[in-house]
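See structure below.
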Amino acid sequence: MYATPASAALTRRTALRTAFTAAVLAGTAAALAPVLRARRPRQTLTPAPLAEETYRGRHIAVDLAGVRIDGRPLHVMRRADGSYLSGINHFQSFGTPLELARAAVDELGTTQLAFAAPHHG
């Protein structure tokens, strides 16, 4: 076997110990990040609603971000003629997003909107 100087062995040992310690700290930080993030109060940046009302027991909010029914987003599309339609009742156009939301509530009845599905890229 080859004899190595004591200073080289300590340097190698120190480098391995440092790398192992860094890996353990990084893993611990990655595991604790969601827990620490969940403890922090969330700041909501939702814009103030342009229109807000309760219609047939459902809360409707229309703002610059879109239309929400009971806090769940309603997918709204604007047509070329300026009217609006949605996936709930896509065969009929409405003059304003609020009229569209009311018609969606009528169509939904007691069921809830599904949360938005993730888009695939």
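Residue names in the structure tokens use chain letters A, B, ... in the order shown, residue numbers from 1 in each chain, and ligand numbers from 1 in the order shown.
Of the residues in range 9-100 of chain A, those that DSSP places in strand (DSSP E) on the basis of the backbone are A:Ala51, A:Glu52, A:Glu53, A:Thr54, A:Tyr55, A:Arg58, A:His59, A:Ile60, A:Ala61, A:Val62, A:Asp63, A:Gly66, A:Val67, A:Arg68, A:Ile69, A:Arg72, A:Pro73, A:Leu74, A:Val76, A:Met77, A:Arg78, A:Tyr84, A:Leu85, A:Ser86.
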How would the residues just picked look written out with C-alpha atoms as a compact mmCIF listing (two decimals), in the first residue's frame?
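Result file is part_38.txt:
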# COMPACT_ATOMS: atom_id res chain seq x y z
CA ALA A 51 -69.27 43.47 -8.71
CA GLU A 52 -70.14 41.29 -5.76
CA GLU A 53 -73.48 39.85 -4.79
CA THR A 54 -75.29 36.88 -3.35
CA TYR A 55 -77.55 35.25 -5.91
CA ARG A 58 -74.26 31.66 -3.87
CA HIS A 59 -71.58 34.32 -3.58
CA ILE A 60 -70.64 35.82 -6.96
CA ALA A 61 -67.56 38.05 -7.35
CA VAL A 62 -66.49 39.66 -10.63
CA ASP A 63 -63.09 41.37 -10.70
CA GLY A 66 -62.23 36.88 -13.57
CA VAL A 67 -65.46 35.52 -12.17
CA ARG A 68 -65.70 33.45 -8.99
CA ILE A 69 -68.71 31.58 -7.64
CA ARG A 72 -64.11 29.00 -7.19
CA PRO A 73 -63.11 30.37 -10.60
CA LEU A 74 -65.56 30.23 -13.48
CA VAL A 76 -65.14 33.00 -18.88
CA MET A 77 -64.46 33.73 -22.54
CA ARG A 78 -65.06 37.02 -24.29
CA TYR A 84 -69.36 36.64 -22.70
CA LEU A 85 -69.77 32.87 -22.53
CA SER A 86 -68.57 30.12 -20.23
Next on the checklist: as a VMD selection string, please: every residue in range 54-114 of chain A that DSSP puts in helix (DSSP H, G or I).
Outcome noted: chain A and resid 97 to 108
Checklist entry - Between A:Leu113, A:Ala29, A:Ala22, A:Val35, which has the minimum distance to Asp70 in chain A (counting only C-alpha atoms)? => result A:Leu113
